[in-house]
$ cat start.txt   # compact mmCIF, C-alpha atoms and all ligand atoms
# COMPACT_ATOMS: atom_id res chain seq x y z
CA VAL O 1 95.34 65.48 106.50
CA VAL O 2 92.15 63.47 106.86
CA GLN O 3 89.28 64.37 104.57
CA GLN O 4 86.98 65.31 107.44
CA GLN O 5 89.47 67.92 108.70
CA VAL O 6 89.85 69.33 105.19
CA SER O 7 86.13 69.71 104.72
CA THR O 8 85.66 71.34 108.14
CA ALA O 9 88.51 73.76 107.37
CA ALA O 10 87.05 74.47 103.93
CA ASP O 11 83.64 75.31 105.43
CA GLN O 12 85.25 77.62 107.97
CA LEU O 13 87.33 79.42 105.34
CA VAL O 14 84.31 79.85 103.05
CA ASP O 15 82.32 81.35 105.95
CA VAL O 16 85.09 83.87 106.59
CA ILE O 17 85.36 84.81 102.88
CA GLU O 18 81.59 85.33 102.81
CA ALA O 19 81.71 87.53 105.90
CA LEU O 20 84.53 89.66 104.47
CA HIS O 21 82.71 89.93 101.16
CA ARG O 22 79.56 91.15 102.93
CA ARG O 23 81.63 93.94 104.48
CA GLY O 24 82.63 95.06 100.97
CA TRP O 25 86.29 94.23 101.56
CA CYS O 26 86.73 91.84 98.59
CA ASP O 27 84.37 92.85 95.81
CA GLY O 28 84.46 90.96 92.52
CA THR O 29 87.53 88.75 92.30
CA GLY O 30 89.45 90.98 94.72
CA GLY O 31 91.38 89.59 97.67
CA ASN O 32 92.59 86.14 98.59
CA PHE O 33 92.46 83.95 101.64
CA SER O 34 94.42 81.00 102.94
CA LEU O 35 94.39 78.60 105.86
CA VAL O 36 97.17 76.25 106.97
CA LEU O 37 95.98 72.62 106.90
CA GLU O 38 99.30 71.10 107.85
CA ARG O 39 102.79 72.42 108.65
CA GLU O 40 105.00 69.45 107.81
CA PRO O 41 104.80 69.19 104.90
CA LEU O 42 103.18 72.58 104.42
CA ARG O 43 99.64 72.43 103.00
CA LEU O 44 97.66 75.59 102.42
CA LEU O 45 93.95 75.69 101.65
CA MET O 46 93.00 78.68 99.54
CA ALA O 47 90.62 80.19 97.01
CA PRO O 48 91.80 79.73 93.42
CA SER O 49 92.74 82.63 91.17
CA GLY O 50 89.98 84.57 89.47
CA VAL O 51 86.93 83.40 91.43
CA ASP O 52 84.27 85.87 92.49
CA LYS O 53 84.71 86.18 96.25
CA GLY O 54 80.95 86.47 96.74
CA ARG O 55 80.46 83.01 95.22
CA VAL O 56 83.21 80.85 96.69
CA GLN O 57 82.10 77.37 97.72
CA ALA O 58 84.00 74.79 99.74
CA ASP O 59 84.63 72.56 96.70
CA HIS O 60 86.21 75.47 94.79
CA LEU O 61 89.09 75.64 97.26
CA ILE O 62 92.50 74.34 96.23
CA GLN O 63 95.45 73.03 98.24
CA VAL O 64 98.94 74.27 97.54
CA ASN O 65 102.33 73.12 98.80
CA ARG O 66 105.34 75.08 100.05
CA ASP O 67 106.30 76.01 96.46
CA GLY O 68 102.83 77.30 95.64
CA ALA O 69 102.03 74.35 93.37
CA VAL O 70 98.42 73.11 93.33
CA ILE O 71 98.32 69.62 94.82
CA SER O 72 94.57 69.21 95.16
CA GLY O 73 91.48 70.70 93.56
CA SER O 74 91.01 72.31 90.19
CA GLY O 75 91.93 75.86 89.40
CA LYS O 76 95.08 77.93 89.36
CA ALA O 77 96.85 79.33 92.39
CA SER O 78 96.80 83.12 92.50
CA ALA O 79 100.04 84.99 91.75
CA GLU O 80 99.74 86.28 95.33
CA THR O 81 100.16 82.76 96.74
CA LEU O 82 103.89 83.25 97.32
CA LEU O 83 103.22 86.15 99.66
CA HIS O 84 100.71 84.05 101.61
CA LEU O 85 103.34 81.33 101.93
CA ARG O 86 106.00 83.81 102.99
CA ILE O 87 103.75 85.21 105.75
CA VAL O 88 102.83 81.71 106.92
CA GLU O 89 106.50 80.81 107.25
CA ASP O 90 108.03 84.06 108.50
CA CYS O 91 105.22 85.04 110.89
CA GLN O 92 104.09 81.53 111.94
CA ALA O 93 100.62 82.45 110.70
CA GLY O 94 97.85 79.86 110.66
CA ALA O 95 95.72 81.93 108.28
CA VAL O 96 96.31 84.89 105.95
CA LEU O 97 93.45 87.13 104.87
CA HIS O 98 94.07 89.60 102.03
CA THR O 99 91.43 92.26 101.38
CA HIS O 100 91.00 94.83 98.60
CA SER O 101 88.94 97.27 100.65
CA LEU O 102 88.38 100.86 99.61
CA THR O 103 90.11 102.17 102.75
CA ALA O 104 93.18 99.93 102.52
CA THR O 105 93.53 100.69 98.80
CA LEU O 106 93.24 104.44 99.24
CA LEU O 107 95.33 104.93 102.39
CA SER O 108 98.14 102.62 101.28
CA ASN O 109 98.43 104.67 98.12
CA HIS O 110 98.23 108.01 99.91
CA HIS O 111 100.86 107.11 102.53
CA GLN O 112 103.18 105.05 100.32
CA LYS O 113 106.02 107.58 100.48
CA LEU O 114 106.04 107.39 104.29
CA GLY O 115 106.56 103.62 104.06
CA GLY O 116 103.87 102.83 106.58
CA ILE O 117 100.88 103.92 108.62
CA HIS O 118 101.27 104.64 112.28
CA LEU O 119 98.32 103.75 114.53
CA GLU O 120 98.48 105.11 118.05
CA GLY O 121 96.34 105.63 121.12
CA TRP O 122 93.14 103.91 119.96
CA GLU O 123 91.19 101.55 122.22
CA MET O 124 90.62 99.17 119.29
CA LEU O 125 94.37 98.47 119.09
CA LYS O 126 93.71 96.09 121.98
CA GLY O 127 92.00 93.76 119.50
CA LEU O 128 95.44 92.91 118.07
CA ALA O 129 97.17 89.89 119.57
CA GLY O 130 99.76 90.91 122.15
CA VAL O 131 98.43 94.47 122.61
CA THR O 132 97.13 95.06 126.15
CA THR O 133 96.88 98.83 126.32
CA HIS O 134 95.56 101.58 124.05
CA ASP O 135 98.66 103.55 124.99
CA THR O 136 100.79 102.00 122.30
CA SER O 137 101.69 102.45 118.67
CA VAL O 138 101.60 99.96 115.86
CA GLN O 139 103.23 100.45 112.48
CA ILE O 140 101.65 98.89 109.40
CA PRO O 141 104.34 98.82 106.67
CA ILE O 142 103.45 99.69 103.09
CA ILE O 143 105.27 97.99 100.22
CA ALA O 144 105.05 98.98 96.55
CA ASN O 145 102.61 97.11 94.35
CA HIS O 146 104.07 95.23 91.41
CA GLN O 147 102.67 94.19 88.05
CA ASN O 148 104.29 90.83 88.66
CA LEU O 149 102.57 89.91 91.91
CA GLN O 150 105.07 87.13 92.52
CA LEU O 151 107.62 89.83 93.33
CA LEU O 152 105.56 91.07 96.28
CA SER O 153 106.88 88.22 98.38
CA PRO O 154 110.63 89.07 98.21
CA ASN O 155 109.77 92.76 98.65
CA ALA O 156 107.70 92.05 101.76
CA ALA O 157 110.36 89.87 103.37
CA GLU O 158 112.36 92.64 105.07
CA HIS O 159 109.20 94.17 106.58
CA LEU O 160 107.62 91.03 107.98
CA PRO O 161 109.71 90.86 111.18
CA ASN O 162 108.32 94.32 112.11
CA ALA O 163 104.84 93.71 110.72
CA ALA O 164 103.56 91.35 113.34
CA ARG O 165 99.92 91.99 112.46
CA GLY O 166 99.45 93.44 108.99
CA LEU O 167 101.02 94.70 105.79
CA LEU O 168 99.70 97.09 103.14
CA VAL O 169 100.43 96.94 99.41
CA ALA O 170 100.20 100.42 97.90
CA GLY O 171 97.04 101.07 95.90
CA HIS O 172 96.18 97.40 96.26
CA GLY O 173 95.06 96.24 99.71
CA LEU O 174 95.76 94.78 103.14
CA TYR O 175 97.31 91.51 104.29
CA ALA O 176 96.40 90.49 107.83
CA TRP O 177 97.10 87.24 109.60
CA GLY O 178 96.96 85.42 112.89
CA GLU O 179 97.87 82.14 114.52
CA SER O 180 94.36 80.85 113.76
CA LEU O 181 91.64 81.69 111.23
CA GLU O 182 89.64 83.30 114.05
CA THR O 183 92.55 85.55 115.07
CA ALA O 184 93.27 86.47 111.46
CA GLN O 185 89.63 87.47 110.94
CA ARG O 186 89.70 89.57 114.10
CA HIS O 187 92.89 91.26 112.89
CA VAL O 188 91.31 92.13 109.52
CA GLU O 189 88.31 93.64 111.28
CA ILE O 190 90.46 95.60 113.73
CA LEU O 191 92.89 96.86 111.08
CA GLU O 192 90.11 97.82 108.66
CA PHE O 193 88.45 99.70 111.52
CA LEU O 194 91.67 101.49 112.48
CA LEU O 195 92.48 102.40 108.87
CA ASN O 196 88.98 103.84 108.49
CA LEU O 197 89.51 105.83 111.64
CA GLN O 198 92.79 107.15 110.28
CA TRP O 199 91.10 108.23 107.06
CA ARG O 200 88.28 110.04 108.88
CA GLN O 201 90.66 111.71 111.26
CA GLN O 202 92.60 113.12 108.31
CA LEU O 203 89.33 114.44 106.86
CA LEU O 204 88.47 116.09 110.18
CA HIS O 205 91.86 117.77 110.24
CA LEU O 206 91.33 118.98 106.68
CA SER O 207 87.93 120.44 107.48
CA HIS O 208 89.35 122.29 110.49
CA SER O 209 92.25 123.85 108.68
ZN ZN R 1 95.37 91.41 95.91
$ encode --input "start.txt" --output "structure tokens"
Amino acid sequence: VVQQQVSTAADQLVDVIEALHRRGWCDGTGGNFSLVLEREPLRLLMAPSGVDKGRVQADHLIQVNRDGAVISGSGKASAETLLHLRIVEDCQAGAVLHTHSLTATLLSNHHQKLGGIHLEGWEMLKGLAGVTTHDTSVQIPIIANHQNLQLLSPNAAEHLPNAARGLLVAGHGLYAWGESLETAQRHVEILEFLLNLQWRQQLLHLSHS
């Protein structure tokens, strides 16, 4: 990949991280974000492990290969890198955005036993790629969190074919992706909105019963 393309991609990814941080979806060192630079051989641009997501700069970003090894930049790859790689390969994603929002953390924990969250009938569903009517239902699978984050990737594998747009990790957060960085960002915004809606709807039901 030519240097100019890398630096443009880095600026775009940093802008997206900043925007997500402003929404309160990746406070502190929470969350991680990746963008495909090249498919063959696979090159992923991403934030290194342990950086404050409100302070990420373009020259902090690292490049990793298909095995998750750092091939450019200084800093360690996050233990969640393998799940990013898995989503990139299994879902043909061009970008993967992983948030630690309050809503995703809470709802994924609350609904873990059900194995997923069912979103149905909302106009905002039309913001998801391939959805053309509100009269549809979308399932967001929930997988168990794991102390060894490297094990999230094998655990997610069986759900990815049915999780075309997002995946929740219980008590941990949301993974959303898209064919481009722009689509992935839109999917995060739409899914965060829909999860919030779900939460508030449950509260309304509680207050009426
Ligand atoms: Zn995480």
$ atom_distance --input "start.txt" --atom1 "atom CA of O:Gly173" --atom2 "atom CA of O:Ala77"
18.5 Å
$ residues_near_point --input "start.txt" --point "(91.6, 86.7, 96.7)" --cutoff "7 Å" --atoms "only C-alpha atoms" --output "list in words"
Thr29, Gly30, Gly31, Asn32, Phe33, Ala47, Ser49, Lys53 and His98 of chain O
$ residues_around --input "start.txt" --residues "O:Leu151" --least-positions-apart "6" --cutoff "12 Å" --atoms "only C-alpha atoms" --output "list in words"
Ala79, Glu80, Thr81, Leu82, Leu83, Arg86, Ile143, Ala144, Asn145, Ala157 and Val169 of chain O
$ closest_atom_pairs --input "start.txt" --of "stretch 74-181 of chain O" --to "stretch 34-41 of chain O" --cutoff "7 Å" --atoms "all atoms listed in the file" --output "Markdown table"
| residue | atom | partner | partner_atom | distance |
| --- | --- | --- | --- | --- |
| O:Gly94 | CA | O:Val36 | CA | 5.2 |
| O:Ala95 | CA | O:Leu35 | CA | 4.3 |
| O:Val96 | CA | O:Ser34 | CA | 5.3 |
| O:Leu97 | CA | O:Ser34 | CA | 6.5 |
| O:Leu181 | CA | O:Leu35 | CA | 6.8 |
$ closest_residue --input "start.txt" --among "O:Ser108, O:Ser101, O:Gln57, O:Ser137" --to "O:Arg22" --atoms "only C-alpha atoms"
O:Ser101
$ residues_around --input "start.txt" --residues "O:Asp67" --least-positions-apart "2" --cutoff "9 Å" --atoms "all atoms listed in the file" --output "PyMOL selection string"
chain O and resi 64-65+69-70+82+85
$ residues_near_point --input "start.txt" --point "(88.2, 86.4, 112.4)" --cutoff "10 Å" --atoms "only C-alpha atoms" --output "VMD selection string"
chain O and resid 13 16 19 to 20 95 97 177 to 178 180 to 190
$ residues_around --input "start.txt" --residues "O:Leu107" --least-positions-apart "2" --cutoff "12 Å" --atoms "all atoms listed in the file" --output "ChimeraX atom specification"
/O:100-105,109-118,140-142,168-174,192,194-200,202
$ atom_distance --input "start.txt" --atom1 "atom CA of O:Leu203" --atom2 "atom CA of O:Leu106"
13.2 Å
$ closest_residue --input "start.txt" --among "O:Asp59, O:Asp11, O:Asp27, O:Glu18" --to "ligand ZN 1 (chain R)" --atoms "all atoms listed in the file"
O:Asp27
$ closest_residue --input "start.txt" --among "O:Gln92, O:Ser78, O:Gln139, O:Ser72" --to "ligand ZN 1 (chain R)" --atoms "only C-alpha atoms and all ligand atoms"
O:Ser78
$ closest_residue --input "start.txt" --among "O:Leu152, O:Leu206, O:Leu160, O:Ile87" --to "ligand ZN 1 (chain R)" --atoms "all atoms listed in the file"
O:Leu152
$ closest_residue --input "start.txt" --among "O:Asp15, O:Asp52, O:Gln63, O:Asp90" --to "O:Pro161" --atoms "only C-alpha atoms"
O:Asp90
$ closest_residue --input "start.txt" --among "O:Thr99, O:Pro48, O:His21, O:Trp122" --to "ligand ZN 1 (chain R)" --atoms "all atoms listed in the file"
O:Thr99
$ axis_aligned_box --input "start.txt" --around "stretch 54-73 of chain O" --padding-each-side "3 Å" --output "AutoDock Vina command-line options"
--center_x 93.4 --center_y 77.8 --center_z 96.7 --size_x 31.8 --size_y 23.3 --size_z 12.7
$ residues_around --input "start.txt" --residues "O:His60" --least-positions-apart "5" --cutoff "10 Å" --atoms "all atoms listed in the file" --output "list of chain:residue names"
O:Ala10, O:Val14, O:Met46, O:Ala47, O:Pro48, O:Val51, O:Arg55, O:Gly73, O:Ser74, O:Gly75
$ atom_distance --input "start.txt" --atom1 "atom CA of O:His159" --atom2 "atom CA of O:Cys91"
10.9 Å
